[in-house]
file coords-v1.pdb (PDB, C-alpha atoms)
ATOM      1  CA  MET H   1      -8.035  -5.135  37.018
ATOM      2  CA  ASP H   2      -5.900  -5.601  33.941
ATOM      3  CA  LEU H   3      -2.708  -3.637  34.318
ATOM      4  CA  ARG H   4      -2.235  -3.098  30.592
ATOM      5  CA  ARG H   5      -5.212  -0.772  30.479
ATOM      6  CA  TRP H   6      -3.300   1.603  32.719
ATOM      7  CA  THR H   7       0.323   1.076  31.818
ATOM      8  CA  GLY H   8       0.182   0.324  28.116
ATOM      9  CA  VAL H   9       1.547  -2.589  26.193
ATOM     10  CA  ARG H  10       4.400  -3.374  23.806
ATOM     11  CA  PHE H  11       3.887  -3.784  20.103
ATOM     12  CA  THR H  12       4.534  -7.245  18.664
ATOM     13  CA  ARG H  13       8.176  -8.037  17.941
ATOM     14  CA  TRP H  14       7.777 -11.463  16.376
ATOM     15  CA  ALA H  15       5.627 -13.240  13.862
ATOM     16  CA  PRO H  16       5.293 -17.016  13.741
ATOM     17  CA  THR H  17       6.430 -18.472  10.429
ATOM     18  CA  ARG H  18       4.804 -21.212   8.394
ATOM     19  CA  GLY H  19       7.805 -23.423   9.059
ATOM     20  CA  GLY H  20       7.310 -23.163  12.819
ATOM     21  CA  GLY H  21       9.985 -20.569  13.493
ATOM     22  CA  LYS H  22       9.860 -16.889  14.399
ATOM     23  CA  LEU H  23      10.521 -13.801  12.311
ATOM     24  CA  SER H  24      11.808 -10.585  13.866
ATOM     25  CA  LEU H  25       9.331  -7.727  13.379
ATOM     26  CA  ARG H  26       9.276  -4.025  14.052
ATOM     27  CA  VAL H  27       6.329  -1.678  14.299
ATOM     28  CA  ALA H  28       7.489   1.735  13.100
ATOM     29  CA  PRO H  29       5.786   5.066  12.443
ATOM     30  CA  MET H  30       4.820   5.143   8.773
ATOM     31  CA  ALA H  31       7.421   7.038   6.738
ATOM     32  CA  ALA H  32       7.808   8.144   3.116
ATOM     33  CA  PRO H  33      10.274   5.389   2.099
ATOM     34  CA  HIS H  34       7.881   2.698   3.393
ATOM     35  CA  VAL H  35       4.985   4.040   1.377
ATOM     36  CA  ALA H  36       7.043   4.571  -1.781
ATOM     37  CA  TRP H  37       8.414   1.030  -1.593
ATOM     38  CA  TRP H  38       4.961  -0.389  -0.877
ATOM     39  CA  HIS H  39       3.374   1.389  -3.807
ATOM     40  CA  SER H  40       6.085   0.353  -6.234
ATOM     41  CA  HIS H  41       6.699  -3.188  -4.996
ATOM     42  CA  VAL H  42       3.652  -4.523  -3.116
ATOM     43  CA  GLN H  43       0.613  -2.672  -4.464
ATOM     44  CA  PRO H  44       1.006  -4.056  -8.034
ATOM     45  CA  PHE H  45       0.638  -7.593  -6.596
ATOM     46  CA  ILE H  46      -2.477  -6.509  -4.685
ATOM     47  CA  ASP H  47      -3.957  -4.799  -7.743
ATOM     48  CA  ALA H  48      -3.450  -7.965  -9.775
ATOM     49  CA  ASP H  49      -5.961  -9.724  -7.513
ATOM     50  CA  PRO H  50      -9.453  -8.298  -8.096
ATOM     51  CA  GLY H  51     -10.782 -10.218  -5.091
ATOM     52  CA  ARG H  52      -8.724  -8.265  -2.584
ATOM     53  CA  VAL H  53     -10.417  -5.541  -0.591
ATOM     54  CA  ASP H  54      -7.307  -3.343  -0.813
ATOM     55  CA  ASN H  55      -7.230  -3.548  -4.605
ATOM     56  CA  GLY H  56      -6.695  -0.035  -5.979
ATOM     57  CA  TRP H  57      -5.550   1.596  -2.761
ATOM     58  CA  ASN H  58      -3.002   4.371  -3.071
ATOM     59  CA  TRP H  59      -0.938   4.880   0.066
ATOM     60  CA  MET H  60       0.851   7.794  -1.570
ATOM     61  CA  LEU H  61      -2.411   9.721  -1.120
ATOM     62  CA  TYR H  62      -3.258   8.516   2.363
ATOM     63  CA  ALA H  63       0.126   8.924   3.998
ATOM     64  CA  PRO H  64       0.465  12.748   4.022
ATOM     65  CA  PHE H  65      -2.094  13.065   6.808
ATOM     66  CA  THR H  66      -0.094  10.872   9.123
ATOM     67  CA  ARG H  67       3.395  11.707   8.007
ATOM     68  CA  LEU H  68       3.128  15.447   7.882
ATOM     69  CA  TYR H  69       0.492  16.370  10.403
ATOM     70  CA  GLY H  70       1.187  13.843  13.102
ATOM     71  CA  LEU H  71      -0.679  14.808  16.209
ATOM     72  CA  VAL H  72      -1.675  18.301  15.076
ATOM     73  CA  LEU H  73      -5.080  17.444  13.609
ATOM     74  CA  ALA H  74      -7.915  16.913  16.058
ATOM     75  CA  ARG H  75      -8.550  13.341  14.903
ATOM     76  CA  ARG H  76      -4.934  12.450  15.661
ATOM     77  CA  PRO H  77      -4.185  10.499  12.477
ATOM     78  CA  VAL H  78      -1.293   8.113  12.816
ATOM     79  CA  GLY H  79       0.216   5.567  10.451
ATOM     80  CA  TYR H  80       2.217   2.478  11.337
ATOM     81  CA  SER H  81       4.281   0.115   9.233
ATOM     82  CA  VAL H  82       4.837  -3.435  10.379
ATOM     83  CA  GLY H  83       7.951  -4.881   8.811
ATOM     84  CA  ILE H  84      10.681  -7.476   8.884
ATOM     85  CA  VAL H  85      13.938  -6.350  10.439
ATOM     86  CA  ASP H  86      16.792  -7.397   8.171
ATOM     87  CA  ASP H  87      19.721  -6.802  10.510
ATOM     88  CA  THR H  88      22.323  -8.104   8.095
ATOM     89  CA  ALA H  89      21.588  -5.576   5.366
ATOM     90  CA  ARG H  90      20.185  -2.938   7.776
ATOM     91  CA  ARG H  91      16.867  -2.906   5.933
ATOM     92  CA  PHE H  92      13.216  -2.725   6.918
ATOM     93  CA  LEU H  93      10.765  -4.671   4.770
ATOM     94  CA  PRO H  94       7.171  -3.458   5.288
ATOM     95  CA  MET H  95       4.664  -6.323   5.390
ATOM     96  CA  GLY H  96       1.642  -4.455   6.667
ATOM     97  CA  LEU H  97       0.422  -0.865   6.848
ATOM     98  CA  THR H  98      -2.319   0.731   8.841
ATOM     99  CA  LEU H  99      -3.696   4.238   9.061
ATOM    100  CA  LEU H 100      -5.550   5.030  12.266
ATOM    101  CA  LEU H 101      -7.450   7.945  13.687
ATOM    102  CA  GLY H 102      -6.378   8.096  17.285
ATOM    103  CA  ARG H 103      -9.324  10.146  18.450
ATOM    104  CA  ASP H 104     -12.789   8.959  17.484
ATOM    105  CA  ARG H 105     -15.995   8.206  19.358
ATOM    106  CA  ALA H 106     -16.618   4.609  20.400
ATOM    107  CA  LEU H 107     -19.444   2.907  18.528
ATOM    108  CA  ASP H 108     -20.899   1.165  21.569
ATOM    109  CA  ASN H 109     -20.708   4.196  23.853
ATOM    110  CA  HIS H 110     -20.525   7.523  22.065
ATOM    111  CA  ALA H 111     -19.219   9.269  25.168
ATOM    112  CA  ARG H 112     -16.068   7.131  25.149
ATOM    113  CA  LYS H 113     -12.913   7.547  23.124
ATOM    114  CA  SER H 114     -11.854   4.985  20.533
ATOM    115  CA  THR H 115      -9.275   4.447  17.807
ATOM    116  CA  PHE H 116     -10.684   4.158  14.281
ATOM    117  CA  ALA H 117      -8.845   1.889  11.833
ATOM    118  CA  TRP H 118      -9.319   3.702   8.526
ATOM    119  CA  TYR H 119      -6.988   1.616   6.358
ATOM    120  CA  LEU H 120      -5.400  -1.711   7.139
ATOM    121  CA  THR H 121      -3.525  -3.943   4.713
ATOM    122  CA  THR H 122      -1.023  -6.795   4.540
ATOM    123  CA  ALA H 123       1.362  -7.827   1.780
ATOM    124  CA  PRO H 124       0.461 -10.859  -0.319
ATOM    125  CA  ASP H 125       2.875 -13.812  -0.230
ATOM    126  CA  ALA H 126       3.999 -13.258  -3.816
ATOM    127  CA  ALA H 127       5.193  -9.741  -2.999
ATOM    128  CA  LEU H 128       7.199 -10.943   0.012
ATOM    129  CA  LEU H 129       8.736 -13.870  -1.864
ATOM    130  CA  GLY H 130       9.877 -11.539  -4.627
ATOM    131  CA  ILE H 131      11.972  -9.158  -2.515
ATOM    132  CA  ALA H 132      15.347  -8.877  -4.197
ATOM    133  CA  ASP H 133      18.397 -10.006  -2.205
ATOM    134  CA  TYR H 134      16.359 -11.132   0.772
ATOM    135  CA  GLY H 135      15.476 -14.702  -0.134
ATOM    136  CA  LEU H 136      12.344 -15.166   1.961
ATOM    137  CA  THR H 137      11.181 -18.748   1.472
ATOM    138  CA  GLU H 138       7.697 -20.244   1.875
ATOM    139  CA  ALA H 139       8.723 -21.728   5.220
ATOM    140  CA  ARG H 140       9.795 -18.308   6.532
ATOM    141  CA  LEU H 141       6.634 -16.480   5.458
ATOM    142  CA  PRO H 142       4.873 -14.935   8.441
ATOM    143  CA  ARG H 143       1.562 -16.238   9.763
ATOM    144  CA  ARG H 144      -1.132 -14.186  11.527
ATOM    145  CA  LEU H 145      -0.063 -11.044   9.730
ATOM    146  CA  GLY H 146      -3.598  -9.600   9.582
ATOM    147  CA  THR H 147      -4.080 -10.264  13.290
ATOM    148  CA  ILE H 148      -0.739  -8.606  14.055
ATOM    149  CA  VAL H 149      -1.651  -5.466  12.071
ATOM    150  CA  LEU H 150      -5.068  -5.316  13.759
ATOM    151  CA  ASP H 151      -3.241  -5.648  17.080
ATOM    152  CA  VAL H 152      -1.300  -2.485  16.226
ATOM    153  CA  ALA H 153      -4.617  -0.608  16.375
ATOM    154  CA  VAL H 154      -5.525  -2.226  19.701
ATOM    155  CA  THR H 155      -2.071  -1.492  21.135
ATOM    156  CA  HIS H 156      -2.275   2.129  19.971
ATOM    157  CA  SER H 157      -5.661   2.419  21.636
ATOM    158  CA  LEU H 158      -4.387   0.882  24.888
ATOM    159  CA  ASN H 159      -1.348   3.151  24.878
ATOM    160  CA  HIS H 160      -3.371   6.320  24.187
ATOM    161  CA  ARG H 161      -6.024   6.099  26.870
ATOM    162  CA  ALA H 162      -8.773   4.608  24.725
ATOM    163  CA  ARG H 163      -8.443   1.398  26.765
ATOM    164  CA  GLY H 164      -8.262  -0.849  23.713
ATOM    165  CA  ARG H 165     -11.432   0.353  22.020
ATOM    166  CA  VAL H 166     -11.071   0.124  18.233
ATOM    167  CA  SER H 167     -13.684   0.545  15.548
ATOM    168  CA  LEU H 168     -13.620   0.071  11.801
ATOM    169  CA  HIS H 169     -15.834  -0.431   8.791
ATOM    170  CA  ALA H 170     -15.520  -3.816   7.093
ATOM    171  CA  ASP H 171     -15.367  -3.062   3.370
ATOM    172  CA  PRO H 172     -18.517  -4.402   1.658
ATOM    173  CA  LYS H 173     -16.257  -5.879  -1.047
ATOM    174  CA  GLY H 174     -15.029  -8.333   1.566
ATOM    175  CA  GLY H 175     -18.536  -9.741   2.082
ATOM    176  CA  ASP H 176     -19.420 -12.029   4.962
ATOM    177  CA  ALA H 177     -15.937 -13.529   4.982
ATOM    178  CA  LEU H 178     -14.321 -10.245   6.020
ATOM    179  CA  LEU H 179     -17.003  -9.509   8.604
ATOM    180  CA  GLY H 180     -16.564 -13.028   9.986
ATOM    181  CA  TRP H 181     -12.794 -12.534  10.124
ATOM    182  CA  TYR H 182     -13.177  -9.484  12.358
ATOM    183  CA  GLU H 183     -15.768 -11.230  14.526
ATOM    184  CA  LYS H 184     -13.466 -14.210  14.912
ATOM    185  CA  ARG H 185     -10.882 -11.829  16.335
ATOM    186  CA  GLY H 186     -13.306 -10.697  19.024
ATOM    187  CA  MET H 187     -14.908  -7.683  17.379
ATOM    188  CA  THR H 188     -18.648  -7.046  17.536
ATOM    189  CA  ALA H 189     -20.628  -5.911  14.510
ATOM    190  CA  LEU H 190     -22.795  -2.861  15.171
ATOM    191  CA  PRO H 191     -26.403  -3.746  14.300
ATOM    192  CA  LYS H 192     -27.828  -1.906  11.299
ATOM    193  CA  ASP H 193     -30.442  -0.132  13.381
ATOM    194  CA  ARG H 194     -27.876   1.362  15.798
ATOM    195  CA  LYS H 195     -26.788   4.895  14.985
ATOM    196  CA  LEU H 196     -23.200   5.994  14.495
ATOM    197  CA  PRO H 197     -21.827   8.776  16.691
ATOM    198  CA  VAL H 198     -22.851  12.284  15.636
ATOM    199  CA  GLY H 199     -20.801  13.491  12.668
ATOM    200  CA  PRO H 200     -20.698  13.568   8.886
ATOM    201  CA  ARG H 201     -20.114   9.828   8.672
ATOM    202  CA  ARG H 202     -23.612   9.243  10.048
ATOM    203  CA  LEU H 203     -24.917  11.074   6.984
ATOM    204  CA  PHE H 204     -22.562   9.850   4.242
ATOM    205  CA  ALA H 205     -21.798   6.290   5.398
ATOM    206  CA  PRO H 206     -24.502   5.349   7.911
ATOM    207  CA  SER H 207     -24.629   2.154   9.907
ATOM    208  CA  ASP H 208     -24.966  -0.779   7.520
ATOM    209  CA  GLY H 209     -24.249  -3.698   9.818
ATOM    210  CA  ARG H 210     -20.570  -3.686   8.793
ATOM    211  CA  TYR H 211     -19.148  -1.345  11.430
ATOM    212  CA  CYS H 212     -17.205  -3.422  13.940
ATOM    213  CA  TYR H 213     -15.773  -2.531  17.318
ATOM    214  CA  TYR H 214     -13.787  -3.902  20.200
ATOM    215  CA  THR H 215     -15.222  -3.503  23.652
ATOM    216  CA  VAL H 216     -12.628  -3.013  26.392
ATOM    217  CA  PRO H 217     -12.726  -6.657  27.628
ATOM    218  CA  ALA H 218     -12.637  -8.012  24.067
ATOM    219  CA  ALA H 219      -9.683  -5.775  23.175
ATOM    220  CA  VAL H 220      -7.761  -6.815  26.270
ATOM    221  CA  ALA H 221      -8.442 -10.490  25.508
ATOM    222  CA  ALA H 222      -7.288 -10.028  21.899
ATOM    223  CA  SER H 223      -4.169  -8.251  23.130
ATOM    224  CA  HIS H 224      -3.373 -11.069  25.587
ATOM    225  CA  ASP H 225      -3.732 -13.523  22.737
ATOM    226  CA  LEU H 226      -0.566 -12.125  21.115
ATOM    227  CA  ASP H 227       1.507 -11.733  24.281
ATOM    228  CA  ASP H 228       3.936 -14.472  23.260
ATOM    229  CA  LEU H 229       4.841 -12.379  20.200
ATOM    230  CA  ARG H 230       5.657  -9.160  22.093
TER
ATOM    231  CA  MET W   1     -13.344   0.812   5.249
ATOM    232  CA  PRO W   2     -11.351   2.841   2.694
ATOM    233  CA  THR W   3     -12.126   6.127   1.040
ATOM    234  CA  PRO W   4     -11.969   5.552  -2.737
ATOM    235  CA  THR W   5      -9.187   7.199  -4.696
ATOM    236  CA  HIS W   6     -11.614   9.158  -6.884
ATOM    237  CA  VAL W   7     -12.863  10.944  -3.747
ATOM    238  CA  PHE W   8      -9.287  12.038  -3.011
ATOM    239  CA  ALA W   9      -9.061  13.390  -6.573
ATOM    240  CA  GLU W  10     -12.385  15.206  -6.318
ATOM    241  CA  VAL W  11     -11.420  16.816  -3.011
ATOM    242  CA  ALA W  12      -8.033  17.900  -4.410
ATOM    243  CA  ALA W  13      -9.822  19.433  -7.399
ATOM    244  CA  ARG W  14     -12.211  21.402  -5.224
ATOM    245  CA  HIS W  15      -9.692  22.605  -2.658
ATOM    246  CA  GLY W  16      -6.644  22.969  -4.892
ATOM    247  CA  GLY W  17      -7.968  23.483  -8.418
ATOM    248  CA  VAL W  18      -6.143  20.337  -9.522
ATOM    249  CA  ASP W  19      -7.272  18.390 -12.600
ATOM    250  CA  PRO W  20      -8.867  15.302 -11.003
ATOM    251  CA  ARG W  21      -7.981  13.194 -14.069
ATOM    252  CA  ASN W  22      -4.296  13.910 -13.603
ATOM    253  CA  ALA W  23      -3.254  11.316 -11.020
ATOM    254  CA  GLN W  24       0.244  12.733 -10.661
ATOM    255  CA  ALA W  25      -1.070  16.241 -10.003
ATOM    256  CA  VAL W  26      -3.475  14.893  -7.389
ATOM    257  CA  GLN W  27      -0.671  12.987  -5.701
ATOM    258  CA  ASP W  28       1.605  16.025  -5.751
ATOM    259  CA  TRP W  29      -1.135  18.148  -4.212
ATOM    260  CA  TYR W  30      -1.512  15.784  -1.255
ATOM    261  CA  GLU W  31       2.230  15.378  -0.958
ATOM    262  CA  LYS W  32       3.350  19.004  -1.290
ATOM    263  CA  THR W  33       0.444  21.452  -1.038
ATOM    264  CA  LEU W  34      -1.725  19.883   1.641
ATOM    265  CA  PRO W  35       0.975  20.206   4.316
ATOM    266  CA  THR W  36       1.198  23.943   3.675
ATOM    267  CA  LEU W  37      -2.518  24.518   4.317
ATOM    268  CA  PRO W  38      -3.660  25.930   7.656
ATOM    269  CA  GLY W  39      -4.596  23.313  10.243
ATOM    270  CA  PRO W  40      -8.369  23.943  10.204
ATOM    271  CA  GLN W  41      -8.540  23.601   6.406
ATOM    272  CA  ALA W  42      -6.537  20.369   6.486
ATOM    273  CA  GLU W  43      -8.804  19.154   9.273
ATOM    274  CA  ALA W  44     -11.893  19.860   7.146
ATOM    275  CA  ILE W  45     -10.359  17.934   4.249
ATOM    276  CA  LEU W  46      -9.550  14.991   6.487
ATOM    277  CA  GLU W  47     -13.096  14.989   7.888
ATOM    278  CA  GLU W  48     -14.599  15.011   4.412
ATOM    279  CA  LEU W  49     -12.396  12.144   3.227
ATOM    280  CA  LEU W  50     -13.271  10.163   6.320
ATOM    281  CA  ALA W  51     -16.983  10.813   5.978
ATOM    282  CA  ARG W  52     -16.960   9.592   2.391
ATOM    283  CA  GLU W  53     -15.237   6.287   3.061
ATOM    284  CA  GLY W  54     -16.644   3.189   1.422
ATOM    285  CA  LEU W  55     -18.555   5.003  -1.300
ATOM    286  CA  GLY W  56     -17.656   2.684  -4.163
ATOM    287  CA  GLU W  57     -14.859   2.635  -6.688
ATOM    288  CA  GLU W  58     -16.726   2.904  -9.939
ATOM    289  CA  HIS W  59     -14.781   6.018 -10.943
ATOM    290  CA  GLU W  60     -11.298   4.652 -10.339
ATOM    291  CA  GLY W  61      -8.829   5.817 -12.962
ATOM    292  CA  PRO W  62      -5.831   4.029 -14.420
ATOM    293  CA  ARG W  63      -3.315   2.887 -11.833
ATOM    294  CA  ARG W  64       0.165   4.307 -11.765
ATOM    295  CA  TYR W  65       3.124   3.092  -9.780
ATOM    296  CA  PRO W  66       6.379   4.871  -9.048
ATOM    297  CA  ASP W  67       9.600   3.409 -10.398
ATOM    298  CA  ARG W  68      11.092   0.645  -8.316
ATOM    299  CA  ALA W  69      11.708   2.345  -4.992
ATOM    300  CA  ALA W  70      14.566   1.207  -2.782
ATOM    301  CA  VAL W  71      13.865  -1.029   0.189
ATOM    302  CA  PRO W  72      13.643   1.245   3.267
ATOM    303  CA  ALA W  73      16.735   1.397   5.448
ATOM    304  CA  LEU W  74      16.399   0.245   9.036
ATOM    305  CA  ASP W  75      17.272   3.784  10.128
ATOM    306  CA  ASP W  76      14.128   4.998   8.339
ATOM    307  CA  ALA W  77      12.017   2.799  10.610
ATOM    308  CA  PRO W  78      12.723   3.592  14.260
ATOM    309  CA  PRO W  79      10.558   1.536  16.628
ATOM    310  CA  ALA W  80       7.206   3.135  17.414
ATOM    311  CA  ARG W  81       7.075   4.827  20.795
ATOM    312  CA  GLU W  82       5.614   2.864  23.647
ATOM    313  CA  PRO W  83       4.647   4.087  27.103
ATOM    314  CA  MET W  84       6.367   2.927  30.225
ATOM    315  CA  LEU W  85       5.589  -0.718  30.490
ATOM    316  CA  ALA W  86       4.018  -2.554  33.352
ATOM    317  CA  ALA W  87       7.328  -4.056  34.368
ATOM    318  CA  VAL W  88       8.914  -0.616  34.616
ATOM    319  CA  TRP W  89       6.072   0.608  36.809
ATOM    320  CA  TRP W  90       6.572  -2.294  39.195
ATOM    321  CA  ILE W  91      10.321  -1.686  39.342
ATOM    322  CA  LEU W  92       9.701   2.005  40.106
ATOM    323  CA  ARG W  93       7.123   1.186  42.757
ATOM    324  CA  ASP W  94       9.450  -1.227  44.507
ATOM    325  CA  GLY W  95      12.268   1.313  44.299
ATOM    326  CA  LEU W  96      10.100   4.020  45.862
ATOM    327  CA  ARG W  97       9.048   1.685  48.661
ATOM    328  CA  ARG W  98      12.686   0.956  49.440
ATOM    329  CA  LEU W  99      13.471   4.669  49.536
ATOM    330  CA  ARG W 100      10.598   5.289  51.960
ATOM    331  CA  GLN W 101      11.818   2.664  54.414
ATOM    332  CA  PRO W 102      13.519   4.319  57.398
ATOM    333  CA  VAL W 103      17.279   3.886  57.452
ATOM    334  CA  THR W 104      18.439   2.165  60.609
ATOM    335  CA  ARG W 105      21.872   2.876  62.023
ATOM    336  CA  ASP W 106      23.855   0.687  64.306
TER
END

call {"tool": "encode", "arguments": {"input": "coords-v1.pdb", "output": "structure tokens"}}
result
Amino acid sequence: MDLRRWTGVRFTRWAPTRGGGKLSLRVAPMAAPHVAWWHSHVQPFIDADPGRVDNGWNWMLYAPFTRLYGLVLARRPVGYSVGIVDDTARRFLPMGLTLLLGRDRALDNHARKSTFAWYLTTAPDAALLGIADYGLTEARLPRRLGTIVLDVAVTHSLNHRARGRVSLHADPKGGDALLGWYEKRGMTALPKDRKLPVGPRRLFAPSDGRYCYYTVPAAVAASHDLDDLR
Amino acid sequence: MPTPTHVFAEVAARHGGVDPRNAQAVQDWYEKTLPTLPGPQAEAILEELLAREGLGEEHEGPRRYPDRAAVPALDDAPPAREPMLAAVWWILRDGLRRLRQPVTRD
């Protein structure tokens, strides 16, 4: 029996850096200043790269569901920001954002509860290197940022009685590379011929072979993989 | 994975009578009006946006960014809540066991 399924797990507090060091991180509930800063400082860098899946995203539109409704809506939307803690200047520098639906049906077993990762993004290097008065160098850039943000979804699921189950839809713009990235992190792609849980998504965005999910053992294994960063 | 921005605009137009070509008006509607709507209506909007995720971006309009926003203060980012951790459970369990042990008196 894995205890974390029953007692929950901490969010990551560190990210390894490219220079071999560690960077202090914080996972915080998404708030208006994070989104405003992201959209003015980070999103222009993302939009300059047409190859990025998150090109054109507008967090100013997505955030109200999480920020203002919190746990009131049945799907339990929740947003998290993953950022660098700058203790000297008492600042928080968001490096990744994710918007989750805390209550969704699991793809592999429709009777079970899962977390759905609706939006998930990380800041490009250029945006982090350009933060005024912070002086982040190449050597101090974080590694495994995408994995850390995906882990936020797994941790949320573990801490909210979904036992680590997470599902998402790999954006077709990301092609096989994106699908492979999720599979490399232990997710399973739902075969095209398997139906989605009952709901409007089955009609509007049916199974296309790009829905991915974590089973409970795979989620627990992925969570263990980051234990040295918690 | 994402719901395209033009879907957000279309939904705001239908539910709020907002001009879908006016990006600022759409943003304001989500920011200010949506939170004032009754829960069930907001829920229906959320469900529709979720159902229409990944439906292409061919209608995306021009991109607008706010003026340079300030870096968030650390106080604006309190750590996310976590449940009692495994270690705490073990400490509690051991404490309870000690309390249950009969006290012996000389």

call {"tool": "interface_residues", "arguments": {"input": "coords-v1.pdb", "of": "chain W", "to": "chain H", "cutoff": "8 Å", "atoms": "only C-alpha atoms", "output": "number ranges by chain"}}
result
W: 1-2, 4-5, 8, 27, 30-31, 34-35, 39, 42-43, 46-48, 50-55, 60, 63, 65-80, 82-86, 89

call {"tool": "resolve_selection", "arguments": {"input": "coords-v1.pdb", "expression": "the PyMOL selection byres ((chain H and resi 185-187) around 6)", "output": "list of chain:residue names"}}
result
H:Tyr182, H:Glu183, H:Lys184, H:Thr188, H:Cys212, H:Tyr213, H:Tyr214, H:Ala218

call {"tool": "write_last_selection", "arguments": {"input": "coords-v1.pdb", "atoms": "C-alpha atoms", "output": "PDB file, in the frame of the given file"}}
result
ATOM      1  CA  TYR H 182     -13.177  -9.484  12.358  1.00  0.00           C
ATOM      2  CA  GLU H 183     -15.768 -11.230  14.526  1.00  0.00           C
ATOM      3  CA  LYS H 184     -13.466 -14.210  14.912  1.00  0.00           C
ATOM      4  CA  THR H 188     -18.648  -7.046  17.536  1.00  0.00           C
ATOM      5  CA  CYS H 212     -17.205  -3.422  13.940  1.00  0.00           C
ATOM      6  CA  TYR H 213     -15.773  -2.531  17.318  1.00  0.00           C
ATOM      7  CA  TYR H 214     -13.787  -3.902  20.200  1.00  0.00           C
ATOM      8  CA  ALA H 218     -12.637  -8.012  24.067  1.00  0.00           C
TER       9      ALA H 218
END

call {"tool": "residues_around", "arguments": {"input": "coords-v1.pdb", "residues": "Asp125 in chain H", "least_positions_apart": "6", "cutoff": "10 Å", "atoms": "only C-alpha atoms", "output": "list in words"}}
result
Val42, Phe45, Met95, Leu136, Thr137, Glu138, Leu141 and Pro142 of chain H

call {"tool": "atom_distance", "arguments": {"input": "coords-v1.pdb", "atom1": "CA of Arg14 in chain W", "atom2": "CA of Thr98 in chain H"}}
result
26.9 Å

call {"tool": "closest_residue", "arguments": {"input": "coords-v1.pdb", "among": "W:His15, W:Arg100, W:Arg21, W:His6", "to": "Leu37 in chain W", "atoms": "only C-alpha atoms"}}
result
W:His15

call {"tool": "atom_distance", "arguments": {"input": "coords-v1.pdb", "atom1": "CA of Lys32 in chain W", "atom2": "CA of Gly102 in chain H"}}
result
23.6 Å

call {"tool": "atom_distance", "arguments": {"input": "coords-v1.pdb", "atom1": "CA of Ala111 in chain H", "atom2": "CA of Arg161 in chain H"}}
result
13.7 Å
